[in-house]
file run.txt (compact mmCIF, C-alpha atoms)
# COMPACT_ATOMS: atom_id res chain seq x y z
CA MET A 1 27.76 133.20 71.45
CA PRO A 2 30.85 134.46 69.57
CA PHE A 3 31.19 138.16 68.76
CA LYS A 4 30.69 139.26 65.15
CA PRO A 5 32.80 141.94 63.38
CA ASN A 6 30.03 144.51 63.66
CA ASP A 7 30.10 144.01 67.43
CA MET A 8 33.56 145.59 67.68
CA PRO A 9 32.33 149.12 68.61
CA ILE A 10 30.47 147.60 71.56
CA ILE A 11 33.57 145.66 72.59
CA ARG A 12 35.70 148.81 72.42
CA PHE A 13 33.10 150.66 74.53
CA PHE A 14 33.14 148.03 77.27
CA PHE A 15 36.93 147.91 77.14
CA TYR A 16 36.97 151.69 77.68
CA LEU A 17 34.69 151.34 80.74
CA ILE A 18 36.93 148.66 82.20
CA CYS A 19 39.98 150.84 81.72
CA LEU A 20 38.21 153.83 83.23
CA PHE A 21 36.72 152.13 86.31
CA GLY A 22 37.82 148.53 86.69
CA VAL A 23 41.54 148.51 86.10
CA PRO A 24 42.49 150.81 88.97
CA LYS A 25 40.81 148.39 91.35
CA LEU A 26 42.50 145.40 89.72
CA ILE A 27 46.00 146.83 89.81
CA ALA A 28 45.64 149.26 92.72
CA GLN A 29 48.71 149.18 94.91
CA GLN A 30 48.26 149.78 98.60
CA LYS A 31 50.61 152.29 100.14
CA ASN A 32 52.95 150.83 102.73
CA TYR A 33 53.41 152.62 106.04
CA GLN A 34 55.82 152.46 108.91
CA ILE A 35 53.80 152.49 112.13
CA HIS A 36 54.70 153.16 115.76
CA THR A 37 52.43 152.80 118.78
CA ILE A 38 52.69 155.33 121.62
CA ALA A 39 51.02 154.15 124.82
CA PHE A 40 50.33 155.38 128.31
CA TYR A 41 49.38 153.25 131.31
CA ASN A 42 48.84 153.98 134.98
CA PHE A 43 50.63 151.01 136.55
CA GLU A 44 48.64 151.52 139.79
CA ASN A 45 50.78 151.01 142.87
CA CYS A 46 53.72 149.39 141.13
CA PHE A 47 55.84 148.97 144.27
CA ASP A 48 58.66 146.61 145.09
CA THR A 49 58.61 144.81 148.44
CA ILE A 50 61.37 146.82 150.12
CA ASN A 51 60.56 149.51 152.64
CA ASP A 52 62.04 152.84 151.53
CA PRO A 53 62.65 154.93 154.67
CA ILE A 54 62.11 158.25 152.90
CA THR A 55 58.73 157.46 151.29
CA ASN A 56 55.34 156.34 152.54
CA ASP A 57 55.46 152.86 151.02
CA GLU A 58 54.92 150.80 154.18
CA GLU A 59 51.55 149.53 152.90
CA TRP A 60 53.33 147.77 150.02
CA THR A 61 55.72 145.62 152.06
CA PRO A 62 55.43 142.05 153.40
CA THR A 63 54.35 143.36 156.83
CA GLY A 64 52.10 146.10 155.43
CA VAL A 65 48.35 146.17 154.88
CA GLN A 66 48.70 144.64 151.41
CA HIS A 67 51.06 141.86 152.60
CA TRP A 68 53.02 142.64 149.47
CA ASN A 69 55.54 139.84 148.93
CA SER A 70 57.79 138.66 146.12
CA LYS A 71 55.17 136.30 144.68
CA LYS A 72 52.60 139.08 144.42
CA TYR A 73 55.17 141.51 143.05
CA GLN A 74 56.25 139.11 140.31
CA GLN A 75 52.62 138.45 139.36
CA LYS A 76 52.01 142.19 139.13
CA LEU A 77 54.99 142.55 136.77
CA GLN A 78 53.80 139.65 134.62
CA ASN A 79 50.34 141.20 134.37
CA LEU A 80 51.70 144.60 133.41
CA ALA A 81 54.03 143.06 130.83
CA ARG A 82 51.16 141.20 129.19
CA VAL A 83 49.18 144.40 128.79
CA LEU A 84 52.07 146.53 127.62
CA ALA A 85 53.16 144.02 125.00
CA GLU A 86 49.67 143.92 123.47
CA ILE A 87 48.61 147.59 123.44
CA GLY A 88 47.77 148.69 119.92
CA SER A 89 48.17 145.19 118.48
CA ALA A 90 44.99 145.54 116.43
CA GLU A 91 46.89 147.69 113.92
CA ASN A 92 50.51 147.12 114.87
CA PRO A 93 51.80 143.66 115.87
CA ASN A 94 54.90 145.21 117.44
CA SER A 95 54.75 146.27 121.07
CA PRO A 96 54.63 150.04 121.64
CA THR A 97 57.68 152.02 120.65
CA PHE A 98 57.01 154.35 123.59
CA ILE A 99 55.31 153.55 126.90
CA GLY A 100 54.62 156.37 129.33
CA GLY A 101 53.84 155.17 132.83
CA CYS A 102 52.97 156.47 136.27
CA GLU A 103 52.57 155.19 139.84
CA ILE A 104 56.05 153.67 139.61
CA GLU A 105 58.03 153.45 142.83
CA ASN A 106 61.57 153.53 141.44
CA ARG A 107 63.90 152.61 138.61
CA THR A 108 64.43 149.10 139.99
CA VAL A 109 60.77 148.32 139.40
CA LEU A 110 61.13 149.37 135.77
CA GLU A 111 64.29 147.32 135.34
CA ASP A 112 62.42 144.28 136.63
CA LEU A 113 59.49 145.05 134.34
CA VAL A 114 61.41 145.33 131.07
CA LYS A 115 63.10 141.98 131.82
CA GLN A 116 59.76 140.18 131.74
CA PRO A 117 59.66 137.61 128.90
CA LYS A 118 56.88 139.40 127.02
CA LEU A 119 58.82 142.70 126.97
CA LEU A 120 62.41 141.49 126.76
CA PRO A 121 62.46 141.18 122.92
CA ALA A 122 61.64 144.90 122.59
CA ALA A 123 64.83 145.86 124.47
CA TYR A 124 63.29 148.88 126.19
CA GLY A 125 65.38 151.74 127.46
CA ILE A 126 64.31 153.54 130.64
CA ILE A 127 64.05 157.25 131.43
CA HIS A 128 63.05 157.91 135.04
CA PHE A 129 63.56 160.45 137.82
CA ASP A 130 62.52 160.27 141.46
CA SER A 131 59.80 162.83 142.16
CA PRO A 132 58.81 164.76 145.31
CA ASP A 133 55.64 162.66 145.73
CA LYS A 134 55.60 161.42 149.32
CA ARG A 135 54.31 157.96 148.35
CA GLY A 136 57.34 157.69 146.13
CA ILE A 137 55.40 157.21 142.90
CA ASP A 138 56.93 158.62 139.74
CA VAL A 139 56.44 158.96 136.00
CA ALA A 140 58.73 157.34 133.44
CA LEU A 141 59.17 156.64 129.76
CA LEU A 142 60.12 153.30 128.22
CA TYR A 143 61.32 153.36 124.63
CA GLN A 144 62.52 150.81 122.10
CA LYS A 145 66.20 151.56 121.65
CA LYS A 146 66.28 150.31 118.07
CA TYR A 147 63.85 153.03 116.98
CA PHE A 148 64.36 156.00 119.32
CA LYS A 149 67.58 157.76 120.27
CA PRO A 150 67.11 160.19 123.19
CA THR A 151 69.22 163.32 123.10
CA SER A 152 68.02 165.00 126.31
CA PHE A 153 65.63 164.43 129.18
CA ILE A 154 64.74 166.48 132.22
CA ASN A 155 62.27 166.41 135.09
CA ILE A 156 60.47 169.74 135.44
CA PRO A 157 58.97 170.38 138.89
CA LEU A 158 55.39 171.52 139.38
CA TYR A 159 55.13 174.08 142.18
CA VAL A 160 51.64 174.26 143.67
CA TYR A 161 50.65 175.33 147.14
CA ARG A 162 47.76 174.45 149.40
CA LYS A 163 47.00 178.15 149.97
CA ASP A 164 46.22 178.42 146.23
CA THR A 165 43.00 176.44 146.72
CA LYS A 166 41.14 178.86 148.97
CA ILE A 167 37.43 178.85 148.15
CA SER A 168 34.69 181.31 148.96
CA GLU A 169 32.18 180.79 151.75
CA ASN A 170 29.43 180.30 149.16
CA THR A 171 31.17 177.41 147.45
CA LYS A 172 29.49 174.07 148.04
CA ILE A 173 31.88 171.68 149.72
CA GLU A 174 32.22 168.41 147.82
CA PRO A 175 32.46 164.98 149.40
CA GLU A 176 35.99 163.64 149.56
CA GLU A 177 36.85 161.50 146.54
CA LYS A 178 38.12 158.05 147.41
CA THR A 179 41.71 157.82 146.20
CA ASP A 180 44.99 156.23 147.20
CA ASP A 181 46.71 159.31 145.83
CA MET A 182 46.30 161.70 148.73
CA LEU A 183 47.80 165.17 148.39
CA GLN A 184 50.43 165.85 151.02
CA THR A 185 51.76 169.28 151.93
CA ASN A 186 54.99 170.76 153.24
CA ALA A 187 54.18 172.07 156.72
CA ASN A 188 56.46 175.10 156.35
CA ASN A 189 55.57 176.58 152.96
CA HIS A 190 52.38 174.61 152.15
CA ARG A 191 53.83 173.24 148.91
CA VAL A 192 51.92 170.19 147.67
CA PHE A 193 54.18 167.22 147.00
CA THR A 194 53.29 166.04 143.53
CA ARG A 195 54.94 164.56 140.46
CA ASP A 196 57.40 166.32 138.21
CA GLN A 197 56.72 166.50 134.48
CA LEU A 198 59.16 164.49 132.38
CA LEU A 199 60.34 166.00 129.08
CA VAL A 200 62.17 163.67 126.70
CA THR A 201 63.64 164.77 123.36
CA GLY A 202 65.16 162.49 120.78
CA PHE A 203 65.00 161.09 117.28
CA LEU A 204 62.45 158.54 116.09
CA ASP A 205 63.93 156.95 112.99
CA GLY A 206 65.85 160.19 112.45
CA GLU A 207 62.93 162.61 113.11
CA GLU A 208 63.08 164.81 116.19
CA LEU A 209 60.26 164.23 118.67
CA HIS A 210 59.42 165.69 122.10
CA ILE A 211 57.40 163.72 124.67
CA ILE A 212 56.00 165.09 127.94
CA VAL A 213 54.98 162.45 130.50
CA ASN A 214 52.51 163.54 133.19
CA HIS A 215 50.73 162.47 136.34
CA TRP A 216 48.84 165.55 137.46
CA PRO A 217 47.72 166.17 141.07
CA SER A 218 44.86 164.00 142.25
CA ARG A 219 41.32 165.00 143.19
CA SER A 220 42.01 164.42 146.86
CA GLY A 221 39.79 166.89 148.71
CA GLY A 222 37.28 167.06 145.87
CA GLU A 223 37.36 167.96 142.18
CA LYS A 224 36.67 171.69 142.49
CA LYS A 225 38.88 172.32 145.49
CA SER A 226 41.84 170.55 143.87
CA SER A 227 41.23 171.85 140.34
CA PRO A 228 43.72 174.77 140.65
CA PHE A 229 46.52 172.23 141.10
CA ARG A 230 45.70 170.51 137.82
CA GLU A 231 45.15 173.84 136.07
CA ALA A 232 48.68 174.76 137.17
CA ALA A 233 49.89 171.44 135.74
CA GLY A 234 48.21 172.22 132.43
CA ALA A 235 49.77 175.68 132.42
CA LEU A 236 53.21 174.16 133.05
CA ASN A 237 52.68 171.81 130.09
CA ARG A 238 51.74 174.81 127.96
CA LYS A 239 54.88 176.67 129.11
CA ILE A 240 57.06 173.70 128.14
CA ILE A 241 55.35 173.49 124.75
CA ASP A 242 55.75 177.24 124.16
CA SER A 243 59.45 176.97 124.94
CA LEU A 244 59.93 174.11 122.49
CA GLN A 245 57.96 175.94 119.79
CA HIS A 246 59.90 179.15 120.38
CA ILE A 247 63.07 177.27 119.46
CA ASN A 248 61.40 175.42 116.59
CA PRO A 249 57.84 176.33 115.48
CA ASN A 250 57.70 172.97 113.65
CA ALA A 251 58.51 170.94 116.76
CA LYS A 252 56.59 167.67 116.99
CA ILE A 253 55.27 167.27 120.52
CA ILE A 254 53.32 164.50 122.26
CA ILE A 255 51.68 165.04 125.66
CA LEU A 256 50.61 161.93 127.55
CA GLY A 257 49.65 160.96 131.06
CA ASP A 258 47.10 160.45 133.80
CA LEU A 259 45.76 163.97 134.16
CA ASN A 260 43.19 163.24 136.90
CA ASP A 261 40.87 165.39 134.79
CA GLY A 262 38.75 164.67 131.76
CA PRO A 263 39.39 166.19 128.31
CA TYR A 264 36.70 168.81 128.95
CA ASN A 265 38.07 170.14 132.29
CA LYS A 266 39.72 173.56 132.66
CA SER A 267 43.20 172.11 133.04
CA VAL A 268 43.03 170.58 129.57
CA LYS A 269 40.68 172.91 127.68
CA LEU A 270 41.83 176.27 129.04
CA ALA A 271 45.26 175.95 130.68
CA LEU A 272 46.66 173.64 128.01
CA GLY A 273 44.32 174.82 125.25
CA ALA A 274 43.61 171.41 123.70
CA LYS A 275 41.03 171.14 120.92
CA ALA A 276 38.61 168.30 120.22
CA LYS A 277 38.60 168.59 116.43
CA LYS A 278 41.55 168.67 114.06
CA THR A 279 39.96 171.51 112.11
CA GLU A 280 39.91 173.66 115.27
CA VAL A 281 43.61 173.30 116.03
CA PRO A 282 45.53 176.50 115.19
CA PRO A 283 49.22 176.65 114.34
CA LEU A 284 51.20 175.85 117.52
CA GLY A 285 47.99 174.34 118.97
CA ILE A 286 47.22 170.97 120.55
CA TYR A 287 44.80 168.25 119.42
CA ASN A 288 43.13 165.90 121.92
CA PRO A 289 41.50 162.87 120.24
CA PHE A 290 40.13 161.64 123.56
CA GLU A 291 37.58 164.43 123.96
CA GLU A 292 35.32 162.97 121.28
CA MET A 293 35.67 159.55 122.89
CA ALA A 294 34.58 160.98 126.23
CA LYS A 295 31.54 162.58 124.58
CA ASN A 296 30.67 159.15 123.19
CA GLY A 297 30.67 157.62 126.66
CA LEU A 298 34.01 155.83 126.55
CA GLY A 299 36.34 155.83 129.51
CA SER A 300 39.71 154.82 130.88
CA ILE A 301 38.59 154.92 134.52
CA ALA A 302 35.30 154.38 136.35
CA HIS A 303 34.13 156.13 139.50
CA ARG A 304 30.70 155.83 141.13
CA ASP A 305 29.36 154.01 138.04
CA ALA A 306 30.42 156.85 135.73
CA TRP A 307 33.19 156.67 133.14
CA ASP A 308 35.77 159.33 132.42
CA ILE A 309 39.01 159.59 130.47
CA PHE A 310 41.76 160.73 132.79
CA ASP A 311 44.41 159.03 130.66
CA GLN A 312 45.04 161.01 127.50
CA ILE A 313 47.53 161.44 124.67
CA MET A 314 47.59 164.73 122.77
CA VAL A 315 49.67 165.93 119.83
CA SER A 316 50.86 169.23 118.43
CA GLN A 317 49.39 170.62 115.22
CA THR A 318 52.61 169.66 113.43
CA LEU A 319 51.60 166.00 113.80
CA LEU A 320 48.30 166.51 111.97
CA GLN A 321 49.59 166.94 108.43
CA THR A 322 48.15 164.82 105.63
CA ASP A 323 51.50 164.44 103.90
CA TYR A 324 52.82 161.24 105.43
CA THR A 325 56.36 161.65 104.16
CA THR A 326 57.21 162.25 107.84
CA TYR A 327 55.64 160.73 110.94
CA GLN A 328 52.10 161.98 111.59
CA TYR A 329 49.24 161.16 113.93
CA TRP A 330 46.86 158.52 112.58
CA LYS A 331 44.34 157.51 115.23
CA ALA A 332 43.87 156.80 118.95
CA GLY A 333 42.24 154.21 121.16
CA ILE A 334 41.58 152.85 124.65
CA TYR A 335 42.87 149.34 125.27
CA ASN A 336 40.03 147.69 127.21
CA LYS A 337 40.16 144.00 126.33
CA PRO A 338 37.95 141.62 128.36
CA PHE A 339 40.85 140.22 130.41
CA LEU A 340 41.37 143.73 131.82
CA ILE A 341 37.77 144.00 133.04
CA GLN A 342 36.20 142.87 136.32
CA GLN A 343 33.71 140.16 135.33
CA SER A 344 31.63 139.89 138.49
CA GLY A 345 30.81 141.45 141.83
CA LEU A 346 30.14 145.02 142.90
CA TYR A 347 32.64 146.45 140.40
CA LYS A 348 31.64 144.34 137.41
CA GLY A 349 32.66 146.15 134.23
CA TYR A 350 35.33 148.24 135.96
CA PRO A 351 39.06 147.85 135.23
CA LEU A 352 40.38 144.78 137.04
CA ARG A 353 42.61 146.11 139.79
CA HIS A 354 44.47 144.51 142.69
CA SER A 355 42.42 143.13 145.58
CA ASN A 356 43.06 140.93 148.60
CA THR A 357 42.08 137.87 146.57
CA GLU A 358 43.52 138.70 143.14
CA ILE A 359 46.54 140.42 141.67
CA GLY A 360 44.88 142.45 138.96
CA PHE A 361 46.20 144.96 136.46
CA SER A 362 45.22 148.56 137.19
CA ASP A 363 42.22 150.73 137.99
CA HIS A 364 42.87 152.44 134.63
CA PHE A 365 42.75 151.20 131.06
CA PRO A 366 45.77 152.03 128.88
CA VAL A 367 45.44 154.51 126.03
CA TYR A 368 47.42 154.75 122.81
CA ILE A 369 47.90 156.52 119.51
CA TYR A 370 49.60 155.55 116.26
CA LEU A 371 52.16 157.53 114.32
CA ILE A 372 52.58 156.53 110.68
CA LYS A 373 54.87 157.44 107.81
CA GLU A 374 54.71 156.31 104.21
CA LYS A 375 57.56 154.01 103.30
CA LYS A 376 59.54 154.70 100.19
CA GLY A 377 58.17 152.62 97.35
CA ILE A 378 54.85 150.74 97.32
CA SER A 379 53.79 147.17 97.62
CA ASN A 380 51.07 145.28 95.76
CA GLN A 381 49.68 143.58 98.84

call {"tool": "encode", "arguments": {"input": "run.txt", "output": "structure tokens"}}
result
Amino acid sequence: MPFKPNDMPIIRFFFYLICLFGVPKLIAQQKNYQIHTIAFYNFENCFDTINDPITNDEEWTPTGVQHWNSKKYQQKLQNLARVLAEIGSAENPNSPTFIGGCEIENRTVLEDLVKQPKLLPAAYGIIHFDSPDKRGIDVALLYQKKYFKPTSFINIPLYVYRKDTKISENTKIEPEEKTDDMLQTNANNHRVFTRDQLLVTGFLDGEELHIIVNHWPSRSGGEKKSSPFREAAGALNRKIIDSLQHINPNAKIIILGDLNDGPYNKSVKLALGAKAKKTEVPPLGIYNPFEEMAKNGLGSIAHRDAWDIFDQIMVSQTLLQTDYTTYQYWKAGIYNKPFLIQQSGLYKGYPLRHSNTEIGFSDHFPVYIYLIKEKKGISNQ
């Protein structure tokens, strides 16, 4: 039915409502963001096939227990490349800008890895140092050279000693935890051979960023007995952070790694001082998004049918701002797609690791966070 002249006030009223409520939805323009994925993955025994005379890598050679040959090695690299290329793809189709890794035998392994077809387009640079670990496993950082320009990098040693783990006679002795990562000690001074901490500084699209890559001492000997080693690792992280913040209180810092502790353990909560909630993070403090995930039953590693999050990525308070004119933390996740999960047998539901019958991926799931920054201008997508 056509409107009559005396209907005009009603028309103007409805037009006003549309302008007030409907038009913003009709013409709303979504902000456009630049996004970068930062990932960490324990590569689990990423060894080449060559026997290194100065490390304990004999198990991972053609004549060793694993009968580790070129075919198996190449399959391991292909598997790792598949995972690394896809981490964070739910929100960012590009492979991670940064990949922190551990349990890496040497630089040659990394050079072989970044040449895999799934990773080659990203043109990753490599930052790696040999560590004192007697198995010869190290930490490293891969970065996309088109986005990140490193200005400095250094390996910072962690000095811990077996004598530091003395326990009282009343302490209940724990059963040994099953781990490939046994702690080995210098016979003369009792120093534990463990991984250095890797500090990388550079510019991400012109913004200075500091990244600390970790693989803290294992739980060999039991969680409580070995805890002082990881608490010392957390304290060393805190010392590095304090030094960076002393130079620049606005320094943007990312801490990532396999900590061999959960987000709630002393090494993370007390020695490093990480907080579970953004609102609890003080100036110069550290935020750990993985603590809430752990409370919700999620995990990056399974042990005795219990899940925990040993693999974590934390950020400084300076990455928690709500003004996205510079890169800021957005959200975090655990990459646990079905192809990474054991589908049958005794360890059904666990991460799909290497066995005598299958070249798997790792006994850990990768973890990741996103950094985002608002692009100049807006799009009407």

call {"tool": "residues_around", "arguments": {"input": "run.txt", "residues": "region 290-295 of chain A", "least_positions_apart": "3", "cutoff": "9 Å", "atoms": "only C-alpha atoms", "output": "MDAnalysis selection string"}}
result
chainID A and resid 262:264 275:277 298:299 307:309 311:314 332:334

call {"tool": "residues_near_point", "arguments": {"input": "run.txt", "point": "(63.2, 140.4, 119.7)", "cutoff": "12 Å", "atoms": "only C-alpha atoms", "output": "list of chain:residue names"}}
result
A:Ala85, A:Asn94, A:Ser95, A:Pro117, A:Lys118, A:Leu119, A:Leu120, A:Pro121, A:Ala122, A:Ala123, A:Tyr124, A:Gln144, A:Lys145, A:Lys146

call {"tool": "closest_residue", "arguments": {"input": "run.txt", "among": "A:Lys149, A:Cys46, A:Lys269, A:Gly257", "to": "Thr61 (chain A)", "atoms": "all atoms listed in the file"}}
result
A:Cys46

call {"tool": "atom_distance", "arguments": {"input": "run.txt", "atom1": "CA of Glu207 (chain A)", "atom2": "CA of Pro283 (chain A)"}}
result
19.7 Å

call {"tool": "closest_residue", "arguments": {"input": "run.txt", "among": "A:Asp133, A:Glu105, A:Glu86, A:Asp196", "to": "Asp52 (chain A)", "atoms": "only C-alpha atoms"}}
result
A:Glu105

call {"tool": "closest_residue", "arguments": {"input": "run.txt", "among": "A:Tyr287, A:Phe310, A:Tyr147, A:Trp68", "to": "Gly202 (chain A)", "atoms": "only C-alpha atoms"}}
result
A:Tyr147

call {"tool": "residues_near_point", "arguments": {"input": "run.txt", "point": "(49.6, 174.0, 137.3)", "cutoff": "12 Å", "atoms": "only C-alpha atoms", "output": "PDB file with C-alpha atoms, in the coordinates of the input"}}
result
ATOM      1  CA  ILE A 156      60.470 169.740 135.440  1.00  0.00           C
ATOM      2  CA  PRO A 157      58.970 170.380 138.890  1.00  0.00           C
ATOM      3  CA  LEU A 158      55.390 171.520 139.380  1.00  0.00           C
ATOM      4  CA  TYR A 159      55.130 174.080 142.180  1.00  0.00           C
ATOM      5  CA  VAL A 160      51.640 174.260 143.670  1.00  0.00           C
ATOM      6  CA  TYR A 161      50.650 175.330 147.140  1.00  0.00           C
ATOM      7  CA  ASP A 164      46.220 178.420 146.230  1.00  0.00           C
ATOM      8  CA  THR A 165      43.000 176.440 146.720  1.00  0.00           C
ATOM      9  CA  VAL A 192      51.920 170.190 147.670  1.00  0.00           C
ATOM     10  CA  THR A 194      53.290 166.040 143.530  1.00  0.00           C
ATOM     11  CA  ARG A 195      54.940 164.560 140.460  1.00  0.00           C
ATOM     12  CA  ASP A 196      57.400 166.320 138.210  1.00  0.00           C
ATOM     13  CA  GLN A 197      56.720 166.500 134.480  1.00  0.00           C
ATOM     14  CA  ASN A 214      52.510 163.540 133.190  1.00  0.00           C
ATOM     15  CA  HIS A 215      50.730 162.470 136.340  1.00  0.00           C
ATOM     16  CA  TRP A 216      48.840 165.550 137.460  1.00  0.00           C
ATOM     17  CA  PRO A 217      47.720 166.170 141.070  1.00  0.00           C
ATOM     18  CA  SER A 226      41.840 170.550 143.870  1.00  0.00           C
ATOM     19  CA  SER A 227      41.230 171.850 140.340  1.00  0.00           C
ATOM     20  CA  PRO A 228      43.720 174.770 140.650  1.00  0.00           C
ATOM     21  CA  PHE A 229      46.520 172.230 141.100  1.00  0.00           C
ATOM     22  CA  ARG A 230      45.700 170.510 137.820  1.00  0.00           C
ATOM     23  CA  GLU A 231      45.150 173.840 136.070  1.00  0.00           C
ATOM     24  CA  ALA A 232      48.680 174.760 137.170  1.00  0.00           C
ATOM     25  CA  ALA A 233      49.890 171.440 135.740  1.00  0.00           C
ATOM     26  CA  GLY A 234      48.210 172.220 132.430  1.00  0.00           C
ATOM     27  CA  ALA A 235      49.770 175.680 132.420  1.00  0.00           C
ATOM     28  CA  LEU A 236      53.210 174.160 133.050  1.00  0.00           C
ATOM     29  CA  ASN A 237      52.680 171.810 130.090  1.00  0.00           C
ATOM     30  CA  ARG A 238      51.740 174.810 127.960  1.00  0.00           C
ATOM     31  CA  LYS A 239      54.880 176.670 129.110  1.00  0.00           C
ATOM     32  CA  ILE A 240      57.060 173.700 128.140  1.00  0.00           C
ATOM     33  CA  LEU A 259      45.760 163.970 134.160  1.00  0.00           C
ATOM     34  CA  LYS A 266      39.720 173.560 132.660  1.00  0.00           C
ATOM     35  CA  SER A 267      43.200 172.110 133.040  1.00  0.00           C
ATOM     36  CA  VAL A 268      43.030 170.580 129.570  1.00  0.00           C
ATOM     37  CA  LEU A 270      41.830 176.270 129.040  1.00  0.00           C
ATOM     38  CA  ALA A 271      45.260 175.950 130.680  1.00  0.00           C
ATOM     39  CA  LEU A 272      46.660 173.640 128.010  1.00  0.00           C
TER      40      LEU A 272
END

call {"tool": "atom_distance", "arguments": {"input": "run.txt", "atom1": "CA of Gly360 (chain A)", "atom2": "CA of Asp130 (chain A)"}}
result
25.2 Å

call {"tool": "closest_residue", "arguments": {"input": "run.txt", "among": "A:Ile254, A:Lys337, A:Glu374, A:Ser243", "to": "Leu319 (chain A)", "atoms": "all atoms listed in the file"}}
result
A:Ile254

call {"tool": "atom_distance", "arguments": {"input": "run.txt", "atom1": "CA of Ile253 (chain A)", "atom2": "CA of Glu223 (chain A)"}}
result
28.1 Å

call {"tool": "residues_around", "arguments": {"input": "run.txt", "residues": "Leu80 (chain A)", "least_positions_apart": "3", "cutoff": "8 Å", "atoms": "all atoms listed in the file", "output": "PyMOL selection string"}}
result
chain A and resi 43+76-77+83-84+113+361

call {"tool": "write_last_selection", "arguments": {"input": "run.txt", "atoms": "C-alpha atoms", "output": "PDB file, in the coordinates of the input"}}
result
ATOM      1  CA  PHE A  43      50.630 151.010 136.550  1.00  0.00           C
ATOM      2  CA  LYS A  76      52.010 142.190 139.130  1.00  0.00           C
ATOM      3  CA  LEU A  77      54.990 142.550 136.770  1.00  0.00           C
ATOM      4  CA  VAL A  83      49.180 144.400 128.790  1.00  0.00           C
ATOM      5  CA  LEU A  84      52.070 146.530 127.620  1.00  0.00           C
ATOM      6  CA  LEU A 113      59.490 145.050 134.340  1.00  0.00           C
ATOM      7  CA  PHE A 361      46.200 144.960 136.460  1.00  0.00           C
TER       8      PHE A 361
END
